[in-house]
Amino acid sequence: MGAFPQTMYFTGLNAPVGEEVSLTGLAVEGTLPAEVRGSFYRAVPDPAFPPKFENDHTLSGDGMVSRLSFNADGTADFAIRFVETARFLAEKAAGHAKFGKYRNPFTDDADVQGVDRTVANTTPVWHAGRMLMAKEDGRPYRIDPKTLETLGSYDFGGVLKSETMTAHVRIDPATKELFFYGYEADGLASAKVAYCVVGADGVLKSEQWFDAPYCAMMHDFTISENYALFPIYPTTADLERLKAGGEHWHHEQETDSWLGVMPRYGDVSEIRWFKGPKGVHSYHMMNAWEDEGGLLHFDACLNSTNAFAFIREPSGIHLQPWEVQGALTRWTVDPKADGGEVKETVIGPPGDFPVIPAAKQGRPYDHGWMLTMNPELQGPPLLGGPVGAMFNLLLRLDMRASSPHAQKRPPQALALPPMAGFNEPVHVPASDPAHEGWLVTIVDQQIGEDQFLHQAWVIDAGNVGAGPVAKVTIPHRLRPQVHGWWVPQAELDAA
Ligand code: V55
Ligand code: FE
């Protein structure tokens, strides 16, 4: 077996771990709020074998699903297991990597052609009592939420036609329906998008296909109370390039972005396309909402280009990380208009991993949280993750303050010391509507040359600056997560 490449994607915090563990009775320091009772699931890419290609990166890692559960007796349990995808099992049987470049099956070994090559590594999605490990290049894998065992590829009981399902779903807080889409729905580099609605009972009740303006990396989307919003940014795929063994994605700095808007229970023929700026890109949206005048606002962590160097570089875009400009940005459109251009307003700082209370999905909202880099950090950041450095400042944003008509207040912030980083938090609602609830997040700290301390922090969501109210040290090496999900104990008990 070869060795892992000695690049930033496989060294330091990003060094592969690949060990399945189950630890029980971990001590919780501090005061764990009674409401933080349930499990924090995380998706962690972790390659079981050194990649076939030296230029491989974190997004190709085999999915591991991790569970941190807060127990009734005040202790915590931690477990992590590989998602046993068809790809993982084929490589495990061979004892080495057989699948090639990120999302390029033409670079795979001949004897695994046609084998499902998704790695299920992006989001643990919980809906209707089912846990799905999702990645945008394929169908999700269903997981037993208690044992973390893999139950197999999931297609909503044979109903889903799309070959893919996004890792970024949206759940309506009132109807509990799951809204999602799949892009490249009928194959590599296709512009076909499947738009799907799943009932609160878990039954896929609608799947409609439409054509995007071009085949784009559609990582996230959002819904408002009445609309579904599909952003298209010019990170594009090309079948001939894939056949020639090239990269799945190139970013095109001179190509227009678009926002597709349709009534969320409407027909896809009703989609209207609104033009955005050229060359911009966003991985994650914070929310979308309608104002009293009927205008639709779409709030995203927008960047001037693709945030990932491994996408920029093959596209001929050579920038230092600090040359990438970003801001929480609002695009406003009139959803009743027949297309047009978005109206753009900067409403917040650069950064990513936006979080809102689940109850505010698609609704006007007062506050949200996100991660950013601390411009006042007195020392080096923690290197790791797909961008190369971990976010080290957690912000609570007052979204009303970001309206040009409102009083501007500085955001509340929780800063980490040098060589420490936040993973994306999950929000745990409080039972008292006057309390903003809690954030649970994994904090990684480098404490030696290749030594790291990993802790779960529980933070008062309305007072992030006060620091954690409770901490759990996880005595196991952790790789950076992608996304997480909070599942309350009552929902686990009912499942
Ligand atoms: C992202 C993550 C992915 C992926 C595409 O964070 C985009 C963004 C972990 O996999 O395949
Ligand atoms: Fe994401």
# chains A, B, ... in the order shown; residues from 1 in each chain; ligands from 1
>>> select_by_dssp(residues="stretch 10-238 of chain A", states="helix (DSSP H, G or I)", output="ChimeraX atom specification")
/A:12-14,58-60,86-94,105-107,110-112
>>> closest_atom_pairs(of="chain A", to="ligand 2", cutoff="7 Å", atoms="only C-alpha atoms and all ligand atoms", output="CSV")
residue,atom,partner,partner_atom_place_in_ligand_line,distance
A:Thr122,CA,ligand 2,1 (Fe),6.7
A:Ala167,CA,ligand 2,1 (Fe),6.8
A:His168,CA,ligand 2,1 (Fe),6.5
A:His219,CA,ligand 2,1 (Fe),6.3
A:Asp220,CA,ligand 2,1 (Fe),6.7
A:Tyr283,CA,ligand 2,1 (Fe),6.0
A:His284,CA,ligand 2,1 (Fe),6.1
A:Val482,CA,ligand 2,1 (Fe),6.7
A:His483,CA,ligand 2,1 (Fe),6.5
>>> closest_residue(among="A:His476, A:Gly348, A:Ser190, A:Leu382", to="A:Ile80", atoms="only C-alpha atoms")
A:His476
>>> atom_distance(atom1="atom 3 (C, counted along the ligand's line) of ligand 1", atom2="atom CA of A:Lys135")
6.8 Å
>>> closest_residue(among="A:Leu13, A:Gly114, A:Met218, A:Leu151", to="A:Asp137", atoms="only C-alpha atoms")
A:Met218
>>> closest_residue(among="A:Thr118, A:Asn71, A:Asn55, A:Gln378", to="A:Lys101", atoms="only C-alpha atoms")
A:Asn55
>>> select_by_dssp(residues="stretch 50-211 of chain A", states="strand (DSSP E or B)", output="VMD selection string")
chain A and resid 63 to 70 76 to 82 123 to 127 130 to 134 141 to 143 150 to 153 170 to 171 178 to 183 192 to 198 204 to 211
>>> atom_distance(atom1="atom CA of A:Ala86", atom2="atom CA of A:Arg117")
7.1 Å
>>> residues_around(residues="stretch 458-462 of chain A", least_positions_apart="2", cutoff="10 Å", atoms="only C-alpha atoms", output="VMD selection string")
chain A and resid 30 to 33 36 357 367 to 369 395 to 397 412 414 425 to 430 434 to 442 455 to 456 464 to 472
>>> write_last_selection(atoms="C-alpha atoms", output="JSON list (two decimals), in the first residue's frame")
[["chain", "number", "residue", "atom", "x", "y", "z"],
["A", 30, "GLY", "CA", -19.33, 22.62, 33.29],
["A", 31, "THR", "CA", -23.11, 22.76, 33.29],
["A", 32, "LEU", "CA", -24.87, 20.92, 30.52],
["A", 33, "PRO", "CA", -28.25, 22.58, 29.82],
["A", 36, "VAL", "CA", -29.06, 19.56, 25.22],
["A", 357, "PRO", "CA", -32.95, 28.32, 14.17],
["A", 367, "HIS", "CA", -30.56, 36.43, 14.16],
["A", 368, "GLY", "CA", -28.21, 33.77, 12.88],
["A", 369, "TRP", "CA", -24.69, 32.47, 13.43],
["A", 395, "LEU", "CA", -20.39, 35.21, 15.24],
["A", 396, "ARG", "CA", -23.95, 35.82, 16.31],
["A", 397, "LEU", "CA", -25.44, 38.24, 13.79],
["A", 412, "GLN", "CA", -21.36, 39.15, 19.16],
["A", 414, "LEU", "CA", -16.39, 34.15, 20.35],
["A", 425, "PRO", "CA", -22.09, 24.32, 14.91],
["A", 426, "VAL", "CA", -25.56, 22.84, 15.19],
["A", 427, "HIS", "CA", -28.35, 24.76, 16.89],
["A", 428, "VAL", "CA", -30.35, 23.21, 19.74],
["A", 429, "PRO", "CA", -33.58, 25.13, 20.39],
["A", 430, "ALA", "CA", -34.60, 26.12, 23.91],
["A", 434, "ALA", "CA", -37.31, 34.05, 24.91],
["A", 435, "HIS", "CA", -34.05, 32.05, 25.04],
["A", 436, "GLU", "CA", -32.09, 31.62, 21.81],
["A", 437, "GLY", "CA", -31.04, 28.07, 22.58],
["A", 438, "TRP", "CA", -27.60, 26.50, 22.35],
["A", 439, "LEU", "CA", -24.90, 25.84, 19.81],
["A", 440, "VAL", "CA", -22.92, 22.59, 19.88],
["A", 441, "THR", "CA", -19.67, 22.52, 17.96],
["A", 442, "ILE", "CA", -16.40, 20.64, 17.84],
["A", 455, "GLN", "CA", -13.60, 19.09, 22.38],
["A", 456, "ALA", "CA", -17.32, 19.53, 21.95],
["A", 464, "VAL", "CA", -21.72, 33.42, 22.34],
["A", 465, "GLY", "CA", -19.12, 35.84, 23.69],
["A", 466, "ALA", "CA", -19.41, 34.26, 27.14],
["A", 467, "GLY", "CA", -17.72, 31.09, 25.86],
["A", 468, "PRO", "CA", -18.77, 27.49, 26.43],
["A", 469, "VAL", "CA", -21.09, 26.55, 29.30],
["A", 470, "ALA", "CA", -20.07, 22.90, 28.96],
["A", 471, "LYS", "CA", -17.27, 20.94, 27.27],
["A", 472, "VAL", "CA", -16.61, 17.31, 26.46]]
>>> closest_residue(among="A:Trp273, A:Tyr214, A:Phe353, A:Tyr227", to="ligand 1", atoms="only C-alpha atoms and all ligand atoms")
A:Phe353
>>> residues_around(residues="A:Phe308", least_positions_apart="4", cutoff="12 Å", atoms="only C-alpha atoms", output="list in words")
Tyr9, His57, Thr58, Leu59, Thr235, Trp249, His250, His251, His281, Ser282, Tyr283, Asn303, Ser304, Arg312, Glu313, Pro314, Ser315, Ile317, His318, Leu319, Gln320, Pro321, Val324, Gly385, Pro386, Val387, Gly388 and Ala389 of chain A
>>> closest_residue(among="A:Phe422, A:Phe53, A:Phe156, A:Phe179", to="A:Phe230", atoms="only C-alpha atoms")
A:Phe179
>>> closest_residue(among="A:Ser257, A:Ser22, A:Thr329, A:Ser60", to="ligand 1", atoms="only C-alpha atoms and all ligand atoms")
A:Ser60
>>> atom_distance(atom1="atom CA of A:Ser431", atom2="atom CA of A:Glu29")
22.7 Å
>>> residues_around(residues="A:Val44", least_positions_apart="3", cutoff="8 Å", atoms="only C-alpha atoms", output="PyMOL selection string")
chain A and resi 63-66+121-122+479-483
>>> write_last_selection(atoms="N, CA, C and O atoms", output="compact mmCIF listing (two decimals), in the first residue's frame")
# COMPACT_ATOMS: atom_id res chain seq x y z
N GLY A 63 -16.87 8.61 3.55
CA GLY A 63 -17.70 9.18 4.60
C GLY A 63 -17.59 8.39 5.88
O GLY A 63 -17.65 7.15 5.88
N MET A 64 -17.38 9.10 6.99
CA MET A 64 -17.55 8.47 8.30
C MET A 64 -18.70 9.21 8.97
O MET A 64 -18.86 10.42 8.79
N VAL A 65 -19.51 8.46 9.70
CA VAL A 65 -20.61 9.10 10.43
C VAL A 65 -20.28 8.99 11.91
O VAL A 65 -19.87 7.95 12.40
N SER A 66 -20.42 10.12 12.57
CA SER A 66 -20.03 10.20 13.97
C SER A 66 -21.21 10.66 14.80
O SER A 66 -22.04 11.45 14.33
N ASN A 121 -20.26 11.59 2.23
CA ASN A 121 -19.40 12.20 3.26
C ASN A 121 -19.77 13.63 3.67
O ASN A 121 -18.96 14.29 4.31
N THR A 122 -20.97 14.13 3.32
CA THR A 122 -21.17 15.58 3.49
C THR A 122 -22.14 15.97 4.60
O THR A 122 -21.82 16.85 5.39
N ARG A 479 -10.79 14.15 12.44
CA ARG A 479 -10.58 14.94 11.22
C ARG A 479 -11.66 16.01 11.13
O ARG A 479 -12.74 15.82 11.68
N PRO A 480 -11.43 17.12 10.41
CA PRO A 480 -12.48 18.14 10.30
C PRO A 480 -13.76 17.56 9.69
O PRO A 480 -13.72 16.76 8.77
N GLN A 481 -14.88 17.99 10.25
CA GLN A 481 -16.18 17.55 9.73
C GLN A 481 -16.56 18.41 8.53
O GLN A 481 -15.95 19.45 8.28
N VAL A 482 -17.58 17.98 7.81
CA VAL A 482 -18.21 18.87 6.84
C VAL A 482 -19.45 19.45 7.55
O VAL A 482 -19.37 20.51 8.15
N HIS A 483 -20.56 18.71 7.56
CA HIS A 483 -21.76 19.23 8.21
C HIS A 483 -22.23 18.29 9.32
O HIS A 483 -21.83 17.14 9.37
>>> residues_around(residues="A:Arg139", least_positions_apart="5", cutoff="7 Å", atoms="only C-alpha atoms", output="list in words")
Ala134, Ser153, Tyr154, Asp155, Glu163, Thr164 and Met165 of chain A
>>> write_last_selection(atoms="all heavy atoms", output="PDB file, in the first residue's frame")
ATOM      1  N   ALA A 134     -25.567  11.971   3.132  1.00  0.00           N
ATOM      2  CA  ALA A 134     -25.736  12.470   1.772  1.00  0.00           C
ATOM      3  C   ALA A 134     -24.453  13.094   1.229  1.00  0.00           C
ATOM      4  O   ALA A 134     -23.668  13.685   1.976  1.00  0.00           O
ATOM      5  CB  ALA A 134     -26.858  13.509   1.739  1.00  0.00           C
ATOM      6  N   SER A 153     -27.843   1.924   0.167  1.00  0.00           N
ATOM      7  CA  SER A 153     -28.172   3.104  -0.641  1.00  0.00           C
ATOM      8  C   SER A 153     -29.670   3.340  -0.534  1.00  0.00           C
ATOM      9  O   SER A 153     -30.458   2.387  -0.477  1.00  0.00           O
ATOM     10  CB  SER A 153     -27.765   2.833  -2.090  1.00  0.00           C
ATOM     11  OG  SER A 153     -28.149   3.918  -2.907  1.00  0.00           O
ATOM     12  N   TYR A 154     -30.076   4.617  -0.516  1.00  0.00           N
ATOM     13  CA  TYR A 154     -31.484   4.937  -0.257  1.00  0.00           C
ATOM     14  C   TYR A 154     -32.094   5.691  -1.430  1.00  0.00           C
ATOM     15  O   TYR A 154     -31.542   6.697  -1.889  1.00  0.00           O
ATOM     16  CB  TYR A 154     -31.594   5.764   1.026  1.00  0.00           C
ATOM     17  CG  TYR A 154     -33.031   5.903   1.487  1.00  0.00           C
ATOM     18  CD1 TYR A 154     -33.724   4.792   1.956  1.00  0.00           C
ATOM     19  CD2 TYR A 154     -33.682   7.118   1.434  1.00  0.00           C
ATOM     20  CE1 TYR A 154     -35.049   4.889   2.365  1.00  0.00           C
ATOM     21  CE2 TYR A 154     -35.004   7.241   1.852  1.00  0.00           C
ATOM     22  CZ  TYR A 154     -35.679   6.119   2.312  1.00  0.00           C
ATOM     23  OH  TYR A 154     -36.985   6.226   2.720  1.00  0.00           O
ATOM     24  N   ASP A 155     -33.245   5.204  -1.908  1.00  0.00           N
ATOM     25  CA  ASP A 155     -33.920   5.860  -3.034  1.00  0.00           C
ATOM     26  C   ASP A 155     -35.405   6.096  -2.727  1.00  0.00           C
ATOM     27  O   ASP A 155     -36.240   6.074  -3.626  1.00  0.00           O
ATOM     28  CB  ASP A 155     -33.746   5.047  -4.331  1.00  0.00           C
ATOM     29  CG  ASP A 155     -34.346   3.652  -4.211  1.00  0.00           C
ATOM     30  OD1 ASP A 155     -34.964   3.332  -3.172  1.00  0.00           O
ATOM     31  OD2 ASP A 155     -34.197   2.858  -5.160  1.00  0.00           O
ATOM     32  N   GLU A 163     -30.440  10.374 -10.074  1.00  0.00           N
ATOM     33  CA  GLU A 163     -29.265   9.603  -9.660  1.00  0.00           C
ATOM     34  C   GLU A 163     -28.540  10.266  -8.499  1.00  0.00           C
ATOM     35  O   GLU A 163     -27.593   9.707  -7.939  1.00  0.00           O
ATOM     36  CB  GLU A 163     -28.287   9.472 -10.841  1.00  0.00           C
ATOM     37  CG  GLU A 163     -28.843   8.640 -11.982  1.00  0.00           C
ATOM     38  CD  GLU A 163     -27.924   8.617 -13.204  1.00  0.00           C
ATOM     39  OE1 GLU A 163     -26.735   8.995 -13.084  1.00  0.00           O
ATOM     40  OE2 GLU A 163     -28.418   8.231 -14.278  1.00  0.00           O
ATOM     41  N   THR A 164     -28.954  11.514  -8.178  1.00  0.00           N
ATOM     42  CA  THR A 164     -28.258  12.264  -7.131  1.00  0.00           C
ATOM     43  C   THR A 164     -29.255  12.930  -6.190  1.00  0.00           C
ATOM     44  O   THR A 164     -30.402  13.172  -6.543  1.00  0.00           O
ATOM     45  CB  THR A 164     -27.389  13.389  -7.744  1.00  0.00           C
ATOM     46  OG1 THR A 164     -28.257  14.324  -8.391  1.00  0.00           O
ATOM     47  CG2 THR A 164     -26.386  12.852  -8.741  1.00  0.00           C
ATOM     48  N   MET A 165     -28.757  13.226  -5.004  1.00  0.00           N
ATOM     49  CA  MET A 165     -29.512  14.016  -4.021  1.00  0.00           C
ATOM     50  C   MET A 165     -28.518  14.940  -3.335  1.00  0.00           C
ATOM     51  O   MET A 165     -27.446  14.498  -2.914  1.00  0.00           O
ATOM     52  CB  MET A 165     -30.159  13.092  -2.991  1.00  0.00           C
ATOM     53  CG  MET A 165     -30.787  13.828  -1.819  1.00  0.00           C
ATOM     54  SD  MET A 165     -31.565  12.665  -0.657  1.00  0.00           S
ATOM     55  CE  MET A 165     -31.893  13.760   0.723  1.00  0.00           C
TER      56      MET A 165
END
>>> residues_around(residues="A:Leu416", least_positions_apart="6", cutoff="9 Å", atoms="only C-alpha atoms", output="list in words")
Asn374, Leu377, Asn392, Leu393, Leu394, Phe422 and Val443 of chain A
